[in-house]
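Worksheet: one structure, shown below.
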Amino acid sequence: MLGIDGLVLLGVGIGVKLLLWPAYHSTDFEVHRNWLALTHSLPVSKWYFEDRSEWTLDYPPFFAWFEWALSHLAYRWDPRIIDVDNLGYSALSCIAFQRMSVVVSELVLFAALQRFAKVSGGSVQARVAAFLVFMSPGFLFVDHVHFQYNGFLFGVLVYSLVFALEGRDLLSGIAFAMLLCFKHIFMYIAPAYFLYLLLHYCAVYRRHGSRQLDLKASALRLLNLGFSVALVFGIAFGPFAYMGQLSQLASRLFPFKRGLCHAYWAPNFWALYSFADRLLIVGSRLAPNVFPALRAEAAIGSSTRGLVGDSSFAVLPDVSPAATFVATLAAQIPACALLVFRARTPGRFIQAVVLCAFASFLFGWHVHEKAVILILAPLGLLVVTPTRRTLRMFAVLSVSGYYSLLPLLFGAQELPIKASVLLIWSLGALGLLKSNGVSAWRCLTALEKSYVAGHVLLFLLTELVPSRWLFGQMQFLPLVLVSVYTALGILYSWLGLIRELLLVN
């Protein structure tokens, strides 16, 4: 049963999120309103073909059914919400319904985190870590201002990880399979699940400490896991396979015609790669005898034009989806090594999930800046009893990762909201989280403290000083500065965690 402290924290969380209702909402608000309308108004056979709105359905079937369920509530609330021809509808009643649907569905995350805190011993640090995840700037900015349902989806992920902590591996795998059928971005962490379940659940040894497999017991567990996962996917995709629509689903779920980088560069390796190309363009013009010549003159404005589409580079080689796929797989080797060559404990499994999420974010194709939450949410579960380096990497990643989301909230009225939320959360995390009694801030090295404090200067330059004073006609430069600066922190924390988890710990 929820204690008084849990009720207080829940009340505070809901209260803060209700205060964000009047804030700006992105085009994702209309995306989800349109999905409510098309799932309610059209037969299932037309869900993934409907295109009268540019915001077509591009999530897996379970999420479509989630929208379908919400649409029946929306119909009773305001029938105009689910009118498929009522494009761009954003009356106050519509805003209230959709905002409240996010708040209520996020209770799944709260319940999962409460269970995590209990499984972790119910210590003060465990409760603090759980509350920091629930109140993270990522969910506040992306779900309750920008508008998405990440809290609900990450609630399912946390439940899956908690099941693993409880030793219920099969249930963990089933929950993850269901999650993939809600949102396919989570397949980036599938290698960690595959290896852990294969080696920890399916592999049964004849006796404790033995290396000799019990083939019959292992085969039965493998069949049990395979059947369970296949059943979940069959329920999700079976009706569309029966209607011969799997190729249409694939085209919606995997739109590789989009470019390498999103309109705003996600702070990953490719942001640094794009920035290096910009520097080489300048160098080739100022010192053509020193720097390489332009390879493609027409590509000079490609990666800074602020549009979603194919990206090309003027000096550096272009990057294909296949190249990012290979780079992502290579970057996931440390996560796989962690599960293959180290003791396969539930805690180490969560570490592998974090490293897989890092790899996909840093090297994936057309990564959205919002995907940084896929790293931060599970990493937030590892700071209950962290080593100093783990806590240091969490601190650097949290500040840089959540700061990278600020450009999503570009309106003047959101300026004090995003500044205060990020500042209060960061101060709380740096002060309350501890390793052997030492706060996260005190654990940081002098260089790391300077980097974290540097975000204040970055905020002044890109948010407070009028851009025309510093950047003139280069309107994309403030976003470049945010992407590059935060990408350095994210890359640094990834390398630091690899060193800690594989080489030191």
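Every chain in the structure tokens has a letter given in the order shown (A, B, ...), and although residue numbers restart at 1 in each chain, ligands are simply numbered from 1 in the order shown.
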Non-local contacts of range 32-40 of chain A (7 Å; only C-alpha atoms; under 2 positions in same chain excluded) as a list in words: Asp28, Phe29, Glu30, Leu42, Trp47, Leu57, Ala64, Glu67, Trp68, Leu70, Ser71, Ile81, Ile82, Asp83 and Val84 of chain A
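Using only C-alpha atoms, the protein and nucleic acid residues lying no more than 8 Å from Ala23 in chain A, apart from those fewer than 6 places from it along its own chain, are A:Val145, A:Gln413, A:Glu414.
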Would you put the residues from that selection into a file with N, CA, C and O atoms, as a CSV table (one decimal), in the first residue's frame?
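The result, written out as part_27.csv:
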chain,number,residue,atom,x,y,z
A,145,VAL,N,4.9,19.2,-21.6
A,145,VAL,CA,4.9,20.4,-22.4
A,145,VAL,C,4.9,20.1,-23.9
A,145,VAL,O,3.9,20.4,-24.5
A,413,GLN,N,7.5,32.2,-23.1
A,413,GLN,CA,6.9,31.9,-21.8
A,413,GLN,C,7.4,30.6,-21.2
A,413,GLN,O,7.2,30.4,-20.0
A,414,GLU,N,8.0,29.8,-22.0
A,414,GLU,CA,8.6,28.5,-21.4
A,414,GLU,C,10.0,28.7,-20.9
A,414,GLU,O,10.5,27.8,-20.2
Polymer residues at most 12 Å from Arg252 in chain A, only C-alpha atoms, same-chain spacing of 2 or more positions, as a PyMOL selection string: chain A and resi 47-51+55-61+184+245-250+254-258
By how many Å are CA of Phe358 in chain A and CA of Pro321 in chain A apart? 17.7 Å
Could you tell me how far CA of Pro416 in chain A sits from CA of Thr462 in chain A, in Å to one decimal place? 14.1 Å
Got a sec: who's within 10 Å of Leu157 in chain A, counting only C-alpha atoms, leaving out chain neighbours fewer than 4 positions off, as a PDB file with N, CA, C and O atoms, in the first residue's frame?
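The resulting file, part_9.pdb, is reproduced below:
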ATOM      1  N   LEU A 109       4.228   4.549 -14.574  1.00  0.00           N
ATOM      2  CA  LEU A 109       5.622   4.793 -14.213  1.00  0.00           C
ATOM      3  C   LEU A 109       5.769   4.962 -12.707  1.00  0.00           C
ATOM      4  O   LEU A 109       6.697   4.410 -12.095  1.00  0.00           O
ATOM      5  N   ALA A 112       5.525   1.603 -11.018  1.00  0.00           N
ATOM      6  CA  ALA A 112       6.715   0.790 -11.286  1.00  0.00           C
ATOM      7  C   ALA A 112       7.894   1.264 -10.444  1.00  0.00           C
ATOM      8  O   ALA A 112       8.667   0.447  -9.911  1.00  0.00           O
ATOM      9  N   GLY A 151       6.140   8.679 -20.322  1.00  0.00           N
ATOM     10  CA  GLY A 151       6.026   8.214 -18.943  1.00  0.00           C
ATOM     11  C   GLY A 151       5.338   6.868 -18.864  1.00  0.00           C
ATOM     12  O   GLY A 151       5.791   5.962 -18.149  1.00  0.00           O
ATOM     13  N   PHE A 152       4.255   6.711 -19.589  1.00  0.00           N
ATOM     14  CA  PHE A 152       3.534   5.433 -19.628  1.00  0.00           C
ATOM     15  C   PHE A 152       4.420   4.320 -20.179  1.00  0.00           C
ATOM     16  O   PHE A 152       4.516   3.226 -19.602  1.00  0.00           O
ATOM     17  N   LEU A 153       5.112   4.596 -21.282  1.00  0.00           N
ATOM     18  CA  LEU A 153       5.936   3.581 -21.925  1.00  0.00           C
ATOM     19  C   LEU A 153       7.128   3.196 -21.054  1.00  0.00           C
ATOM     20  O   LEU A 153       7.462   2.008 -20.923  1.00  0.00           O
ATOM     21  N   LEU A 161      12.250  -4.243 -15.919  1.00  0.00           N
ATOM     22  CA  LEU A 161      13.526  -4.305 -15.198  1.00  0.00           C
ATOM     23  C   LEU A 161      13.322  -4.746 -13.756  1.00  0.00           C
ATOM     24  O   LEU A 161      14.150  -5.489 -13.196  1.00  0.00           O
ATOM     25  N   VAL A 162      12.240  -4.307 -13.141  1.00  0.00           N
ATOM     26  CA  VAL A 162      11.953  -4.717 -11.767  1.00  0.00           C
ATOM     27  C   VAL A 162      11.667  -6.214 -11.705  1.00  0.00           C
ATOM     28  O   VAL A 162      12.096  -6.907 -10.767  1.00  0.00           O
ATOM     29  N   PHE A 163      10.946  -6.735 -12.690  1.00  0.00           N
ATOM     30  CA  PHE A 163      10.712  -8.176 -12.733  1.00  0.00           C
ATOM     31  C   PHE A 163      12.035  -8.936 -12.770  1.00  0.00           C
ATOM     32  O   PHE A 163      12.183  -9.994 -12.138  1.00  0.00           O
ATOM     33  N   SER A 172       9.737 -10.620 -17.180  1.00  0.00           N
ATOM     34  CA  SER A 172      10.502  -9.479 -17.679  1.00  0.00           C
ATOM     35  C   SER A 172      10.550  -9.487 -19.203  1.00  0.00           C
ATOM     36  O   SER A 172      10.358  -8.455 -19.857  1.00  0.00           O
ATOM     37  N   ALA A 175       7.078  -8.609 -20.647  1.00  0.00           N
ATOM     38  CA  ALA A 175       6.814  -7.174 -20.534  1.00  0.00           C
ATOM     39  C   ALA A 175       7.592  -6.393 -21.592  1.00  0.00           C
ATOM     40  O   ALA A 175       7.076  -5.441 -22.189  1.00  0.00           O
ATOM     41  N   PHE A 176       8.839  -6.817 -21.848  1.00  0.00           N
ATOM     42  CA  PHE A 176       9.628  -6.123 -22.862  1.00  0.00           C
ATOM     43  C   PHE A 176       9.066  -6.356 -24.259  1.00  0.00           C
ATOM     44  O   PHE A 176       9.055  -5.438 -25.094  1.00  0.00           O
ATOM     45  N   MET A 178       5.959  -6.812 -24.981  1.00  0.00           N
ATOM     46  CA  MET A 178       4.805  -5.927 -25.063  1.00  0.00           C
ATOM     47  C   MET A 178       5.241  -4.486 -25.318  1.00  0.00           C
ATOM     48  O   MET A 178       4.622  -3.773 -26.118  1.00  0.00           O
ATOM     49  N   LEU A 179       6.320  -4.070 -24.671  1.00  0.00           N
ATOM     50  CA  LEU A 179       6.822  -2.710 -24.862  1.00  0.00           C
ATOM     51  C   LEU A 179       7.228  -2.465 -26.308  1.00  0.00           C
ATOM     52  O   LEU A 179       6.956  -1.393 -26.871  1.00  0.00           O
ATOM     53  N   LEU A 180       7.885  -3.450 -26.918  1.00  0.00           N
ATOM     54  CA  LEU A 180       8.273  -3.315 -28.328  1.00  0.00           C
ATOM     55  C   LEU A 180       7.057  -3.144 -29.227  1.00  0.00           C
ATOM     56  O   LEU A 180       7.133  -2.488 -30.273  1.00  0.00           O
ATOM     57  N   PHE A 186      12.420   0.961 -28.530  1.00  0.00           N
ATOM     58  CA  PHE A 186      13.022   0.171 -27.465  1.00  0.00           C
ATOM     59  C   PHE A 186      13.770  -1.047 -27.989  1.00  0.00           C
ATOM     60  O   PHE A 186      14.445  -1.725 -27.216  1.00  0.00           O
ATOM     61  N   LEU A 374      15.995   7.354 -23.002  1.00  0.00           N
ATOM     62  CA  LEU A 374      16.187   5.908 -23.020  1.00  0.00           C
ATOM     63  C   LEU A 374      17.463   5.517 -22.273  1.00  0.00           C
ATOM     64  O   LEU A 374      17.574   4.396 -21.762  1.00  0.00           O
ATOM     65  N   ALA A 377      16.671   7.137 -17.996  1.00  0.00           N
ATOM     66  CA  ALA A 377      15.696   6.489 -17.111  1.00  0.00           C
ATOM     67  C   ALA A 377      16.264   5.215 -16.476  1.00  0.00           C
ATOM     68  O   ALA A 377      16.247   5.088 -15.241  1.00  0.00           O
ATOM     69  N   PRO A 378      16.791   4.249 -17.245  1.00  0.00           N
ATOM     70  CA  PRO A 378      17.377   3.070 -16.583  1.00  0.00           C
ATOM     71  C   PRO A 378      18.635   3.384 -15.792  1.00  0.00           C
ATOM     72  O   PRO A 378      18.899   2.760 -14.759  1.00  0.00           O
TER      73      PRO A 378
END
Excluding range 324-341 of chain A and any residue of its chain fewer than 3 positions from it, enumerate the residues within 9 Å of it, using only C-alpha atoms, and give them as number ranges by chain. A: 191-192, 195-196, 199, 260, 319-321, 344-345, 348-349, 351-365, 498, 501-502
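As for CA of Ile417 in chain A and CA of Gln148 in chain A, they are spaced 17.9 Å apart.
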Tell me, which residues of range 171-353 of chain A carry DSSP helix (DSSP H, G or I), written as a ChimeraX atom specification? /A:171-180,184-202,215-242,246-253,269-286,297-299,302-304,321-331,333-341,346-353
Could you give me, as a list of chain:residue names, the residues within 10 Å of Leu432 in chain A, counting only C-alpha atoms and dropping anything in the same chain fewer than 5 positions from it? A:Val124, A:Gln125, A:Val128, A:Ala129, A:Leu132, A:Ser426, A:Leu427, A:Gly437, A:Val438, A:Ser439, A:Ala440, A:Trp441
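All residues of protein, DNA or RNA that reach within 10 Å of Ile235 in chain A, judged by only C-alpha atoms and not counting those fewer than 4 positions away in the chain, are Pro61, Phe62, Met178, Cys181, Ala230, Leu231, Pro239 and Phe240 of chain A.
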Grab the residues selected above and save them as a PDB file, in the first residue's frame with N, CA and C atoms.
ATOM      1  N   PRO A  61       1.298  -1.666 -33.301  1.00  0.00           N
ATOM      2  CA  PRO A  61      -0.146  -1.875 -33.069  1.00  0.00           C
ATOM      3  C   PRO A  61      -0.624  -1.684 -31.630  1.00  0.00           C
ATOM      4  N   PHE A  62       0.145  -2.089 -30.629  1.00  0.00           N
ATOM      5  CA  PHE A  62      -0.342  -1.944 -29.262  1.00  0.00           C
ATOM      6  C   PHE A  62      -0.591  -0.477 -28.919  1.00  0.00           C
ATOM      7  N   MET A 178       5.959  -6.812 -24.981  1.00  0.00           N
ATOM      8  CA  MET A 178       4.805  -5.927 -25.063  1.00  0.00           C
ATOM      9  C   MET A 178       5.241  -4.486 -25.318  1.00  0.00           C
ATOM     10  N   CYS A 181       5.950  -3.733 -28.829  1.00  0.00           N
ATOM     11  CA  CYS A 181       4.727  -3.625 -29.623  1.00  0.00           C
ATOM     12  C   CYS A 181       3.979  -2.317 -29.343  1.00  0.00           C
ATOM     13  N   ALA A 230       6.564 -14.914 -28.948  1.00  0.00           N
ATOM     14  CA  ALA A 230       5.850 -15.063 -30.218  1.00  0.00           C
ATOM     15  C   ALA A 230       4.362 -14.801 -30.052  1.00  0.00           C
ATOM     16  N   LEU A 231       3.813 -15.210 -28.906  1.00  0.00           N
ATOM     17  CA  LEU A 231       2.398 -14.975 -28.652  1.00  0.00           C
ATOM     18  C   LEU A 231       2.099 -13.487 -28.570  1.00  0.00           C
ATOM     19  N   PRO A 239      -3.212  -9.733 -36.791  1.00  0.00           N
ATOM     20  CA  PRO A 239      -4.312  -9.228 -37.630  1.00  0.00           C
ATOM     21  C   PRO A 239      -3.821  -8.511 -38.888  1.00  0.00           C
ATOM     22  N   PHE A 240      -2.708  -7.818 -38.791  1.00  0.00           N
ATOM     23  CA  PHE A 240      -2.195  -7.083 -39.951  1.00  0.00           C
ATOM     24  C   PHE A 240      -1.497  -8.036 -40.924  1.00  0.00           C
TER      25      PHE A 240
END
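Nearest residue to Leu222 in chain A among A:Leu406, A:Ala446, A:Ala271, A:Leu170 is A:Leu170, counting only C-alpha atoms.
Here the question is which of A:Glu463, A:Asp143, A:Asp78, A:Glu500 gets nearest to Thr390 in chain A using only C-alpha atoms, and that residue is A:Glu500.
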